[in-house]
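Participant: The structure follows.
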Amino acid sequence: MSPPVAALTPEQKQELAAIAQRIVAPGKGILAADESTGSIAKRLSSVGAENTEENRRWYRQLLFTADSRVDACIGGVILFHETLYQKADDGRPFPQVIRAKGALVGIKVDKGVVPLAGTNGETTTQGLDGLMERCAQYKKDGADFAKWRCVLKISEHTPTRLAVMENANVLARYASICQQNGIVPIVEPEILPDGDHDLKHCQYVTEKVLAAVYKALSDHHVYLEGTLLKPNMVTPGHACTKKYSPEEIAMATVTALRRTVPPAVPGITFLSGGQSEEEASVNLNAINRCPLPRPWALTFSYGRALQASALRAWAGKKDNTKAAQEEYVKRALVGLPWGHQRHGDIWGAGGRGHGVRDNTK
Amino acid sequence: MTHQYPALTAEQKKELSDIALRIVAPGKGILAADESVGHMAKRLNQIGVENTEENRRLYRQILFSADSRVKKCIGGVIFFHETMYQKADDGTPFVQMIKDKGIVVGIKVDKGVVPLAGTDGETTTQGLDGLSERCAQYKKDGADFAKWRCVLKISDNTPSALAIMENANVLARYASICQQNGIVPIVEPEILPDGDHDLKRCQYVTEKVLAAVYKALSDHHVYLEGTLLKPNMVTPGHSCPTKYSPEEIAMATVTALRRTVPPAVPGVTFLSGGQSEEEASINLNAINTCPLVRPWALTFSYGRALQASALSAWRGQRDNATAATEEFVKRAEVNGLAALGKYEGSGDDSGAAGQSLYVANHAY
């Protein structure tokens, strides 16, 4: 093994760790507002609004200018490229608006899924070309973190070893490049809830996928203290006939994470997948009340689960802006009624899980 | 991905997890008394004692006759095969003596290192043949955990990718087989302290090795809550000219573990390597007062660092037995405190406690 050539200086590590910790500070989570133009089209049309650049700007402005009640709950906002360069009515660029409210700005940097030939509909994610230069530019333009989504699905023969390995590898390459540019990578290996598999099977697959992800991150010399994980909660498939309680979902989720996510990772920001706003909040709450020791922050990175009511209330009409903002604020406040202190804090001095922030060695 | 075929039932998992938690209960660690016959030869030679079966029996009897003070600081004892079937003077089997003190019995099951062809002196460890049957028998005979030692070394071109991958794989196979037989596997990927590398280099290598170990354990469907890890602390090489404080060693060690060991692992039981008795206790204490969040127990699995003073006090004389046992109890209590971050140091680096126990290229 050749002697290490440090990927990052101590100053770079310190900056990354500090950014990550600010995003998942106690009580805070992430607003995922990074729907691509194609994705947002579906959302807008579902409420009868036209998919114009102005509508997209107005809709995001509505979210980013919600009143100060959300400041304590939102540690970061993920933007789509277009949105990073849009401005509020008062002429301030959106990154400035977001930062003024105490949140950090994130940017979605992947370029969507592409098929893996020879598999049964499995995919990897593209976007590595020129990523280094793009990240440098985004950092100058106000972004401090990024997001890249990989997708896996459960069926009789999937995810295959290839899909698990390839997606873990591309996530690690993305993470490595981000960190070189002072950008904290959110690593998102989403396992879709499609299918009729039960909770146990989702847990099994989640454990295998996350083990592969963390091995790849190690192989690529990624600094874990300067990353965040955005996984699915462990849930039964959508078509599964058996019902599970939030406590069962919480136990399965926390167990899977305890078996795979090293304590150096500062925070886990769950995606909401197909969950309703209420379901997503109730499950996150149960996760934070789970009795197993949890050395990372456990919080949200929600898109639909924070926006659905706001979107409906807005319905494309400027007059509905205040009502829509109120819906969004309500969901944001519900987010973490119990806070998401590391469960280790209750063990006390000298016990397991006791301790504070990370070093940067 | 094929459907999961559960490796263990819920009852099997519960049994394994309970055993592991008992061994690393707060304030407790492991006495590694599993030196092979060949290895005992070196120890006994140093104090001028002949390496006979009777002397080995007498020596282990000294350790196992410790009084009830050890109940609060020793959670497990690792035996060598021969010792599992030996008895005290009064006919009590050693296994029973240990269990009567509420301590869990463990057994070393590997069969030593063998060379990896095409590498620069690197090794893997053998012992998988018939391991399932051996584990089943050991379980009947009173063992509830096992130990398997792999060895890696740091130099310009080692550990190689092959050595890391092969040792991680064989550790995972061993762990899987143990669990099938109700035995908690202690996974020991020792990175030797030989060399002049600095603390950072050891930390880097330790992180890479442990990442490979946990990936292999995942691939082999090992139930992490029913395992323990026995790693080296992160230290500079023995011939490294830079000196580091216990706090620096603790920070490097805990950081490496935080980056690689999932919280599901109930405990990390450090090997002492070539450290002196006092060094091993001071470093363990610093590890337990390190300010980083540590979700696993961090305790000891010491051989030399628990026994050196006892061995010197004994010198093969029956009359010295009680004094020798007392030396062992003292070190056990000190390490129990260190495992809680409550040991303040003896301030005494002289005598057996302060002597380095470094043996170059240590292999069984």
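Letters for chains follow the order of the structure tokens (A, B, ...), residue numbers begin at 1 for each chain, and ligand numbers begin at 1 in the order shown.
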How close does each residue of chain B get to chain A, giving the shortest atom pair and distance in Å to one decimal for every residue with an atom at most 6 Å away, counting only C-alpha atoms, sorted by chain and residue number, as a Markdown table?

Facilitator:
```
| residue | atom | partner | partner_atom | distance |
| --- | --- | --- | --- | --- |
| B:Met1 | CA | A:Thr158 | CA | 4.9 |
| B:Thr2 | CA | A:His157 | CA | 5.8 |
| B:Asn157 | CA | A:Met1 | CA | 4.9 |
| B:Thr158 | CA | A:Met1 | CA | 5.0 |
| B:Pro159 | CA | A:Met1 | CA | 5.5 |
| B:Ser160 | CA | A:Met1 | CA | 5.2 |
| B:Arg258 | CA | A:Ala264 | CA | 5.0 |
| B:Arg259 | CA | A:Ala264 | CA | 5.1 |
| B:Thr260 | CA | A:Pro262 | CA | 5.4 |
| B:Val261 | CA | A:Pro262 | CA | 5.7 |
| B:Pro262 | CA | A:Pro262 | CA | 4.8 |
| B:Pro263 | CA | A:Arg258 | CA | 5.0 |
| B:Ala264 | CA | A:Arg258 | CA | 4.9 |
| B:Pro291 | CA | A:Gly355 | CA | 5.0 |
| B:Leu292 | CA | A:Gly355 | CA | 4.8 |
| B:Val293 | CA | A:Gly355 | CA | 4.1 |
| B:Arg294 | CA | A:Gly353 | CA | 4.7 |
| B:Pro295 | CA | A:Gly353 | CA | 4.2 |
| B:Trp296 | CA | A:Arg352 | CA | 6.0 |
```

Participant: Save out the residues we just selected, N, CA, C and O atoms, as a PDB file, in the first residue's frame.

Facilitator:
```pdb
ATOM      1  N   MET B   1     -30.431  -9.249  -6.748  1.00  0.00           N
ATOM      2  CA  MET B   1     -30.114  -9.743  -5.409  1.00  0.00           C
ATOM      3  C   MET B   1     -31.112 -10.828  -5.055  1.00  0.00           C
ATOM      4  O   MET B   1     -32.305 -10.611  -5.115  1.00  0.00           O
ATOM      5  N   THR B   2     -30.633 -12.019  -4.715  1.00  0.00           N
ATOM      6  CA  THR B   2     -31.549 -13.103  -4.374  1.00  0.00           C
ATOM      7  C   THR B   2     -32.172 -12.807  -3.015  1.00  0.00           C
ATOM      8  O   THR B   2     -31.636 -12.068  -2.205  1.00  0.00           O
ATOM      9  N   ASN B 157       5.529  -1.249   0.790  1.00  0.00           N
ATOM     10  CA  ASN B 157       4.539  -1.797  -0.138  1.00  0.00           C
ATOM     11  C   ASN B 157       3.552  -2.758   0.517  1.00  0.00           C
ATOM     12  O   ASN B 157       2.911  -3.555  -0.156  1.00  0.00           O
ATOM     13  N   THR B 158       3.443  -2.660   1.857  1.00  0.00           N
ATOM     14  CA  THR B 158       2.435  -3.495   2.531  1.00  0.00           C
ATOM     15  C   THR B 158       1.647  -2.627   3.514  1.00  0.00           C
ATOM     16  O   THR B 158       2.171  -1.614   3.973  1.00  0.00           O
ATOM     17  N   PRO B 159       0.429  -3.040   3.898  1.00  0.00           N
ATOM     18  CA  PRO B 159      -0.252  -4.238   3.418  1.00  0.00           C
ATOM     19  C   PRO B 159      -0.738  -4.105   1.981  1.00  0.00           C
ATOM     20  O   PRO B 159      -1.217  -3.054   1.569  1.00  0.00           O
ATOM     21  N   SER B 160      -0.625  -5.161   1.237  1.00  0.00           N
ATOM     22  CA  SER B 160      -1.054  -5.134  -0.156  1.00  0.00           C
ATOM     23  C   SER B 160      -2.564  -5.334  -0.213  1.00  0.00           C
ATOM     24  O   SER B 160      -3.190  -5.775   0.756  1.00  0.00           O
ATOM     25  N   ARG B 258     -14.301   5.459  14.390  1.00  0.00           N
ATOM     26  CA  ARG B 258     -15.532   6.169  14.036  1.00  0.00           C
ATOM     27  C   ARG B 258     -15.779   6.140  12.529  1.00  0.00           C
ATOM     28  O   ARG B 258     -16.922   6.220  12.076  1.00  0.00           O
ATOM     29  N   ARG B 259     -14.707   6.059  11.750  1.00  0.00           N
ATOM     30  CA  ARG B 259     -14.860   6.089  10.289  1.00  0.00           C
ATOM     31  C   ARG B 259     -15.141   4.715   9.705  1.00  0.00           C
ATOM     32  O   ARG B 259     -15.393   4.600   8.505  1.00  0.00           O
ATOM     33  N   THR B 260     -15.097   3.675  10.510  1.00  0.00           N
ATOM     34  CA  THR B 260     -15.192   2.331   9.949  1.00  0.00           C
ATOM     35  C   THR B 260     -16.063   1.342  10.706  1.00  0.00           C
ATOM     36  O   THR B 260     -16.583   0.404  10.092  1.00  0.00           O
ATOM     37  N   VAL B 261     -16.225   1.493  12.003  1.00  0.00           N
ATOM     38  CA  VAL B 261     -16.934   0.477  12.784  1.00  0.00           C
ATOM     39  C   VAL B 261     -18.379   0.882  13.017  1.00  0.00           C
ATOM     40  O   VAL B 261     -18.654   1.845  13.713  1.00  0.00           O
ATOM     41  N   PRO B 262     -19.325   0.151  12.418  1.00  0.00           N
ATOM     42  CA  PRO B 262     -20.724   0.515  12.589  1.00  0.00           C
ATOM     43  C   PRO B 262     -21.164   0.442  14.054  1.00  0.00           C
ATOM     44  O   PRO B 262     -20.671  -0.415  14.803  1.00  0.00           O
ATOM     45  N   PRO B 263     -22.073   1.300  14.472  1.00  0.00           N
ATOM     46  CA  PRO B 263     -22.531   1.332  15.859  1.00  0.00           C
ATOM     47  C   PRO B 263     -23.145   0.008  16.336  1.00  0.00           C
ATOM     48  O   PRO B 263     -23.207  -0.240  17.535  1.00  0.00           O
ATOM     49  N   ALA B 264     -23.579  -0.847  15.408  1.00  0.00           N
ATOM     50  CA  ALA B 264     -24.178  -2.121  15.818  1.00  0.00           C
ATOM     51  C   ALA B 264     -23.177  -3.016  16.543  1.00  0.00           C
ATOM     52  O   ALA B 264     -23.575  -3.909  17.290  1.00  0.00           O
ATOM     53  N   PRO B 291     -13.012  13.088  23.575  1.00  0.00           N
ATOM     54  CA  PRO B 291     -14.295  13.780  23.468  1.00  0.00           C
ATOM     55  C   PRO B 291     -15.188  13.399  22.279  1.00  0.00           C
ATOM     56  O   PRO B 291     -16.315  13.856  22.190  1.00  0.00           O
ATOM     57  N   LEU B 292     -14.717  12.575  21.370  1.00  0.00           N
ATOM     58  CA  LEU B 292     -15.571  12.221  20.226  1.00  0.00           C
ATOM     59  C   LEU B 292     -16.630  11.202  20.644  1.00  0.00           C
ATOM     60  O   LEU B 292     -16.409  10.387  21.538  1.00  0.00           O
ATOM     61  N   VAL B 293     -17.772  11.241  19.953  1.00  0.00           N
ATOM     62  CA  VAL B 293     -18.861  10.300  20.249  1.00  0.00           C
ATOM     63  C   VAL B 293     -18.433   8.866  19.914  1.00  0.00           C
ATOM     64  O   VAL B 293     -17.956   8.595  18.813  1.00  0.00           O
ATOM     65  N   ARG B 294     -18.583   7.978  20.903  1.00  0.00           N
ATOM     66  CA  ARG B 294     -18.121   6.593  20.758  1.00  0.00           C
ATOM     67  C   ARG B 294     -19.270   5.639  21.097  1.00  0.00           C
ATOM     68  O   ARG B 294     -19.549   5.387  22.255  1.00  0.00           O
ATOM     69  N   PRO B 295     -19.965   5.102  20.094  1.00  0.00           N
ATOM     70  CA  PRO B 295     -21.161   4.311  20.401  1.00  0.00           C
ATOM     71  C   PRO B 295     -20.898   2.860  20.774  1.00  0.00           C
ATOM     72  O   PRO B 295     -21.850   2.120  20.985  1.00  0.00           O
ATOM     73  N   TRP B 296     -19.636   2.408  20.833  1.00  0.00           N
ATOM     74  CA  TRP B 296     -19.353   1.021  21.217  1.00  0.00           C
ATOM     75  C   TRP B 296     -18.544   1.059  22.526  1.00  0.00           C
ATOM     76  O   TRP B 296     -17.891   2.054  22.833  1.00  0.00           O
TER      77      TRP B 296
END
```

Participant: Determine, counting only C-alpha atoms, which protein, DNA and RNA residues have an atom within 10 Å of an atom of A:Lys242; residues of the same chain fewer than 5 positions away are not included. Present the result as a short mmCIF file (atom, residue, chain, number, x, y, z; two decimals) with N, CA, C and O atoms, in the first residue's frame.

Facilitator:
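Result file is result-v5.cif:
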```cif
data_model
loop_
_atom_site.label_atom_id
_atom_site.label_comp_id
_atom_site.auth_asym_id
_atom_site.auth_seq_id
_atom_site.Cartn_x
_atom_site.Cartn_y
_atom_site.Cartn_z
N ASP A 196 -43.89 -5.45 -3.89
CA ASP A 196 -44.72 -6.03 -2.82
C ASP A 196 -43.88 -6.70 -1.74
O ASP A 196 -44.37 -7.50 -0.96
N HIS A 197 -42.61 -6.35 -1.70
CA HIS A 197 -41.73 -6.96 -0.70
C HIS A 197 -42.09 -6.44 0.69
O HIS A 197 -42.67 -5.37 0.84
N ASP A 198 -41.70 -7.21 1.71
CA ASP A 198 -42.03 -6.79 3.08
C ASP A 198 -40.91 -5.96 3.70
O ASP A 198 -39.89 -5.69 3.06
N LEU A 199 -41.12 -5.57 4.95
CA LEU A 199 -40.18 -4.69 5.65
C LEU A 199 -38.81 -5.35 5.78
O LEU A 199 -37.78 -4.71 5.55
N PRO A 236 -41.99 -1.18 3.93
CA PRO A 236 -42.43 -2.26 3.05
C PRO A 236 -42.67 -1.68 1.66
O PRO A 236 -42.80 -0.46 1.50
N GLY A 237 -42.73 -2.52 0.64
CA GLY A 237 -43.05 -2.06 -0.70
C GLY A 237 -44.47 -1.51 -0.73
O GLY A 237 -45.30 -1.87 0.10
#
```

Participant: Please return, as a PyMOL selection string, all residues of stretch 135-288 of chain A that DSSP assigns to strand (DSSP E) on the basis of the backbone.

Facilitator: chain A and resi 145-152+184-191+228-229+267-270

Participant: Based on the backbone DSSP call, show me all residues of stretch 113-266 of chain B assigned helix (DSSP H, G or I), as a PyMOL selection string.

Facilitator: chain B and resi 131-140+161-180+199-219+224-226+246-258

Participant: For B:Val151, list every protein, DNA or RNA residue within 12 Å, evaluated using only C-alpha atoms, and leave out those in the same chain fewer than 4 positions away; present the list as number ranges by chain.

Facilitator: B: 110, 112-116, 121-126, 158-159, 163-164, 166-168, 170-171, 187-194, 206, 209, 230-232, 273, 361-364

Participant: Pick the closest to A:His220 from A:Ala175, A:Ile19, A:Cys240, A:Ala117: which is it, counting only C-alpha atoms?

Facilitator: A:Ala175

Participant: What is the distance between atom CA of A:Gln180 and atom CA of A:Glu82, in Å to one decimal?

Facilitator: 23.5 Å

Participant: Which residue is closest to B:Glu15? Choose from B:Val254, B:Val184, B:Val268, B:Ile154 and count only C-alpha atoms.

Facilitator: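 So, comparing all the options, the nearest one is B:Val184.
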
Participant: For B:Gln12, which residue out of B:Gly341, B:Gly195, B:Gly182, B:Gly316 is the nearest one, using only C-alpha atoms?

Facilitator: B:Gly182

Participant: Grab the atom CA of B:Ala250 to atom CA of B:Cys290 distance for me, in Å with one decimal place.

Facilitator: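 Separation between atom CA of B:Ala250 and atom CA of B:Cys290: 6.5 Å.
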
Participant: Would you list the contacts of A:Ala33 as a list in words, taking every protein, DNA or RNA residue within 7 Å and counting only C-alpha atoms, but skipping same-chain residues closer than 6 positions in sequence?

Facilitator: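 Answer for this query is Val77, Ile78, Leu79 and Gly303 of chain A.
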
Participant: Could you name the residues that touch A:Ala308 at 10 Å or less, counting only C-alpha atoms, but leaving out those on the same chain fewer than 2 positions away, as a list in words?

Facilitator: Arg43, Ser276, Glu277, Gly303, Arg304, Ala305, Leu306, Ala310, Leu311, Arg312, Ala313, Ala324, Glu327, Tyr328 and Arg331 of chain A

Participant: Could you dump the residues just selected with all heavy atoms as a compact mmCIF listing (two decimals), in the first residue's frame?

Facilitator:
```txt
# COMPACT_ATOMS: atom_id res chain seq x y z
N ARG A 43 -45.61 18.45 -11.10
CA ARG A 43 -46.19 19.04 -9.89
C ARG A 43 -47.10 20.20 -10.25
O ARG A 43 -48.21 20.34 -9.74
CB ARG A 43 -45.08 19.57 -8.96
CG ARG A 43 -44.02 18.59 -8.60
CD ARG A 43 -44.46 17.64 -7.49
NE ARG A 43 -43.49 16.58 -7.31
CZ ARG A 43 -42.40 16.68 -6.55
NH1 ARG A 43 -42.16 17.79 -5.90
NH2 ARG A 43 -41.56 15.67 -6.46
N SER A 276 -46.74 10.32 2.37
CA SER A 276 -47.51 11.56 2.48
C SER A 276 -46.79 12.47 3.47
O SER A 276 -45.90 12.03 4.19
CB SER A 276 -48.91 11.26 3.02
OG SER A 276 -48.80 10.85 4.38
N GLU A 277 -47.20 13.73 3.51
CA GLU A 277 -46.58 14.68 4.44
C GLU A 277 -46.68 14.15 5.87
O GLU A 277 -45.70 14.16 6.62
CB GLU A 277 -47.29 16.04 4.36
CG GLU A 277 -46.99 16.82 3.09
CD GLU A 277 -47.84 18.08 2.97
OE1 GLU A 277 -49.02 18.07 3.40
OE2 GLU A 277 -47.33 19.09 2.45
N GLY A 303 -38.88 16.76 -0.08
CA GLY A 303 -39.38 17.56 -1.21
C GLY A 303 -40.89 17.61 -1.09
O GLY A 303 -41.47 18.50 -0.48
N ARG A 304 -41.50 16.56 -1.64
CA ARG A 304 -42.96 16.49 -1.64
C ARG A 304 -43.55 16.58 -0.23
O ARG A 304 -44.54 17.25 0.00
CB ARG A 304 -43.42 15.17 -2.29
CG ARG A 304 -43.36 15.18 -3.78
CD ARG A 304 -43.62 13.80 -4.36
NE ARG A 304 -42.43 12.94 -4.26
CZ ARG A 304 -42.40 11.69 -4.71
NH1 ARG A 304 -43.46 11.15 -5.29
NH2 ARG A 304 -41.31 10.97 -4.58
N ALA A 305 -42.88 15.93 0.72
CA ALA A 305 -43.47 15.88 2.07
C ALA A 305 -43.46 17.23 2.77
O ALA A 305 -44.07 17.38 3.82
CB ALA A 305 -42.76 14.83 2.91
N LEU A 306 -42.74 18.20 2.23
CA LEU A 306 -42.78 19.55 2.81
C LEU A 306 -43.63 20.48 1.95
O LEU A 306 -44.08 21.53 2.41
CB LEU A 306 -41.37 20.14 2.91
CG LEU A 306 -40.57 19.83 4.18
CD1 LEU A 306 -39.16 20.38 4.06
CD2 LEU A 306 -41.25 20.42 5.41
N ALA A 310 -48.53 23.09 0.36
CA ALA A 310 -48.24 24.45 -0.10
C ALA A 310 -48.55 24.58 -1.60
O ALA A 310 -49.13 25.56 -2.06
CB ALA A 310 -46.78 24.78 0.16
N LEU A 311 -48.16 23.56 -2.34
CA LEU A 311 -48.38 23.57 -3.79
C LEU A 311 -49.88 23.64 -4.10
O LEU A 311 -50.33 24.44 -4.93
CB LEU A 311 -47.79 22.28 -4.37
CG LEU A 311 -47.63 22.18 -5.88
CD1 LEU A 311 -46.69 23.27 -6.39
CD2 LEU A 311 -47.07 20.82 -6.24
N ARG A 312 -50.64 22.82 -3.38
CA ARG A 312 -52.10 22.78 -3.60
C ARG A 312 -52.71 24.12 -3.23
O ARG A 312 -53.57 24.63 -3.93
CB ARG A 312 -52.73 21.68 -2.76
CG ARG A 312 -52.84 20.35 -3.47
CD ARG A 312 -53.82 19.42 -2.76
NE ARG A 312 -53.49 19.33 -1.33
CZ ARG A 312 -52.68 18.40 -0.83
NH1 ARG A 312 -52.09 17.50 -1.61
NH2 ARG A 312 -52.44 18.38 0.47
N ALA A 313 -52.25 24.68 -2.15
CA ALA A 313 -52.83 25.96 -1.69
C ALA A 313 -52.51 27.08 -2.68
O ALA A 313 -53.30 27.99 -2.90
CB ALA A 313 -52.30 26.31 -0.31
N ALA A 324 -50.34 29.66 0.90
CA ALA A 324 -49.42 28.58 0.56
C ALA A 324 -48.22 28.57 1.50
O ALA A 324 -47.78 27.52 1.98
CB ALA A 324 -48.97 28.74 -0.89
N GLU A 327 -49.02 26.96 4.75
CA GLU A 327 -49.02 25.49 4.68
C GLU A 327 -47.59 24.95 4.80
O GLU A 327 -47.34 23.96 5.48
CB GLU A 327 -49.62 25.02 3.36
CG GLU A 327 -51.11 25.24 3.25
CD GLU A 327 -51.90 24.47 4.30
OE1 GLU A 327 -51.51 23.33 4.63
OE2 GLU A 327 -52.89 25.02 4.80
N TYR A 328 -46.68 25.61 4.11
CA TYR A 328 -45.28 25.18 4.14
C TYR A 328 -44.69 25.34 5.54
O TYR A 328 -44.06 24.42 6.07
CB TYR A 328 -44.47 25.97 3.11
CG TYR A 328 -42.97 25.86 3.29
CD1 TYR A 328 -42.33 24.62 3.23
CD2 TYR A 328 -42.19 26.99 3.53
CE1 TYR A 328 -40.95 24.51 3.41
CE2 TYR A 328 -40.82 26.89 3.71
CZ TYR A 328 -40.20 25.66 3.65
OH TYR A 328 -38.84 25.57 3.84
N ARG A 331 -45.82 22.57 7.85
CA ARG A 331 -45.13 21.29 7.66
C ARG A 331 -43.70 21.35 8.19
O ARG A 331 -43.21 20.41 8.79
CB ARG A 331 -45.06 20.89 6.17
CG ARG A 331 -46.29 20.38 5.50
CD ARG A 331 -47.22 19.54 6.30
NE ARG A 331 -46.65 18.38 6.96
CZ ARG A 331 -47.34 17.61 7.80
NH1 ARG A 331 -48.60 17.88 8.07
NH2 ARG A 331 -46.76 16.57 8.37
```

Participant: With distances taken over only C-alpha atoms, which residue among B:Met97, B:Val265, B:Asp219, B:Asp196 lies nearest B:Pro241?

Facilitator: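 Smallest distance to B:Pro241 is found for B:Asp196.
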
Participant: Tell me, as a JSON list (two decimals) with all heavy atoms, in the first residue's frame, which residues lie within 9 Å of B:Gly303, counting only C-alpha atoms; anything in the same chain fewer than 4 positions away does not count.

Facilitator:
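Output (result-v5.json):
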```json
[["chain", "number", "residue", "atom", "x", "y", "z"],
["B", 30, "ILE", "N", -11.29, -8.27, 28.64],
["B", 30, "ILE", "CA", -10.93, -9.67, 28.45],
["B", 30, "ILE", "C", -9.49, -9.97, 28.84],
["B", 30, "ILE", "O", -8.57, -9.20, 28.55],
["B", 30, "ILE", "CB", -11.12, -10.04, 26.96],
["B", 30, "ILE", "CG1", -12.59, -9.88, 26.57],
["B", 30, "ILE", "CG2", -10.64, -11.46, 26.68],
["B", 30, "ILE", "CD1", -12.84, -10.05, 25.08],
["B", 31, "LEU", "N", -9.30, -11.11, 29.52],
["B", 31, "LEU", "CA", -7.96, -11.63, 29.77],
["B", 31, "LEU", "C", -7.66, -12.59, 28.62],
["B", 31, "LEU", "O", -8.36, -13.60, 28.46],
["B", 31, "LEU", "CB", -7.91, -12.39, 31.10],
["B", 31, "LEU", "CG", -6.69, -13.33, 31.27],
["B", 31, "LEU", "CD1", -5.38, -12.54, 31.25],
["B", 31, "LEU", "CD2", -6.81, -14.15, 32.54],
["B", 32, "ALA", "N", -6.64, -12.27, 27.83],
["B", 32, "ALA", "CA", -6.25, -13.16, 26.74],
["B", 32, "ALA", "C", -5.19, -14.09, 27.31],
["B", 32, "ALA", "O", -4.03, -13.72, 27.46],
["B", 32, "ALA", "CB", -5.71, -12.35, 25.56],
["B", 33, "ALA", "N", -5.62, -15.32, 27.64],
["B", 33, "ALA", "CA", -4.69, -16.28, 28.22],
["B", 33, "ALA", "C", -4.53, -17.45, 27.25],
["B", 33, "ALA", "O", -4.36, -18.59, 27.66],
["B", 33, "ALA", "CB", -5.24, -16.77, 29.56],
["B", 34, "ASP", "N", -4.60, -17.12, 25.94],
["B", 34, "ASP", "CA", -4.64, -18.16, 24.93],
["B", 34, "ASP", "C", -3.32, -18.40, 24.21],
["B", 34, "ASP", "O", -3.30, -18.82, 23.06],
["B", 34, "ASP", "CB", -5.72, -17.81, 23.89],
["B", 34, "ASP", "CG", -5.43, -16.49, 23.18],
["B", 34, "ASP", "OD1", -5.00, -15.52, 23.86],
["B", 34, "ASP", "OD2", -5.64, -16.41, 21.94],
["B", 35, "GLU", "N", -2.23, -18.13, 24.86],
["B", 35, "GLU", "CA", -0.94, -18.35, 24.21],
["B", 35, "GLU", "C", -0.79, -19.83, 23.86],
["B", 35, "GLU", "O", -1.05, -20.71, 24.69],
["B", 35, "GLU", "CB", 0.21, -17.94, 25.15],
["B", 35, "GLU", "CG", 0.20, -16.46, 25.55],
["B", 35, "GLU", "CD", -0.69, -16.15, 26.76],
["B", 35, "GLU", "OE1", -1.37, -17.09, 27.24],
["B", 35, "GLU", "OE2", -0.70, -15.01, 27.22],
["B", 271, "LEU", "N", -6.15, -4.97, 21.48],
["B", 271, "LEU", "CA", -4.99, -5.80, 21.80],
["B", 271, "LEU", "C", -3.91, -4.85, 22.31],
["B", 271, "LEU", "O", -3.94, -3.64, 22.02],
["B", 271, "LEU", "CB", -4.52, -6.57, 20.56],
["B", 271, "LEU", "CG", -4.12, -5.78, 19.33],
["B", 271, "LEU", "CD1", -2.63, -5.51, 19.31],
["B", 271, "LEU", "CD2", -4.55, -6.53, 18.07],
["B", 272, "SER", "N", -2.98, -5.39, 23.10],
["B", 272, "SER", "CA", -1.96, -4.49, 23.67],
["B", 272, "SER", "C", -0.71, -4.43, 22.80],
["B", 272, "SER", "O", 0.09, -3.52, 22.97],
["B", 272, "SER", "CB", -1.62, -4.90, 25.11],
["B", 272, "SER", "OG", -1.44, -6.29, 25.21],
["B", 273, "GLY", "N", -0.54, -5.37, 21.88],
["B", 273, "GLY", "CA", 0.63, -5.36, 21.00],
["B", 273, "GLY", "C", 1.89, -5.39, 21.85],
["B", 273, "GLY", "O", 1.99, -6.16, 22.78],
["B", 307, "GLN", "N", -0.42, -9.75, 32.15],
["B", 307, "GLN", "CA", 0.27, -10.87, 32.79],
["B", 307, "GLN", "C", 1.73, -10.66, 33.11],
["B", 307, "GLN", "O", 2.32, -11.44, 33.86],
["B", 307, "GLN", "CB", 0.18, -12.11, 31.89],
["B", 307, "GLN", "CG", -1.23, -12.57, 31.58],
["B", 307, "GLN", "CD", -1.22, -13.75, 30.61],
["B", 307, "GLN", "OE1", -0.46, -14.71, 30.80],
["B", 307, "GLN", "NE2", -2.03, -13.69, 29.58],
["B", 308, "ALA", "N", 2.35, -9.65, 32.53],
["B", 308, "ALA", "CA", 3.81, -9.50, 32.67],
["B", 308, "ALA", "C", 4.27, -9.50, 34.12],
["B", 308, "ALA", "O", 5.19, -10.23, 34.50],
["B", 308, "ALA", "CB", 4.30, -8.25, 31.94]]
```

Participant: For B:Thr299, work out the shell of residues within 8 Å, counting only C-alpha atoms and skipping chain neighbours fewer than 5 positions away, then give it as a PDB file with C-alpha atoms, in the first residue's frame.

Facilitator:
```pdb
ATOM      1  CA  VAL B  24     -18.010  -5.914  27.343  1.00  0.00           C
ATOM      2  CA  GLY B  27     -15.884  -1.660  33.359  1.00  0.00           C
ATOM      3  CA  LYS B  28     -15.097  -5.122  31.998  1.00  0.00           C
ATOM      4  CA  GLY B  29     -12.608  -6.449  29.514  1.00  0.00           C
ATOM      5  CA  GLY B 267     -17.618  -3.552  21.726  1.00  0.00           C
ATOM      6  CA  VAL B 268     -14.056  -2.961  20.656  1.00  0.00           C
ATOM      7  CA  THR B 269     -11.524  -4.874  22.790  1.00  0.00           C
ATOM      8  CA  PHE B 270      -8.034  -3.598  22.025  1.00  0.00           C
ATOM      9  CA  LEU B 284      -7.015   2.777  27.075  1.00  0.00           C
ATOM     10  CA  ALA B 338      -9.260   2.565  32.248  1.00  0.00           C
ATOM     11  CA  ALA B 339     -12.217   1.046  30.391  1.00  0.00           C
TER      12      ALA B 339
END
```

Participant: For A:Arg22, which of A:Val184, A:Val282, A:Val5, A:Ala49 is the closest residue, counting only C-alpha atoms?

Facilitator: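 The answer is A:Val184, which sits nearest to A:Arg22.
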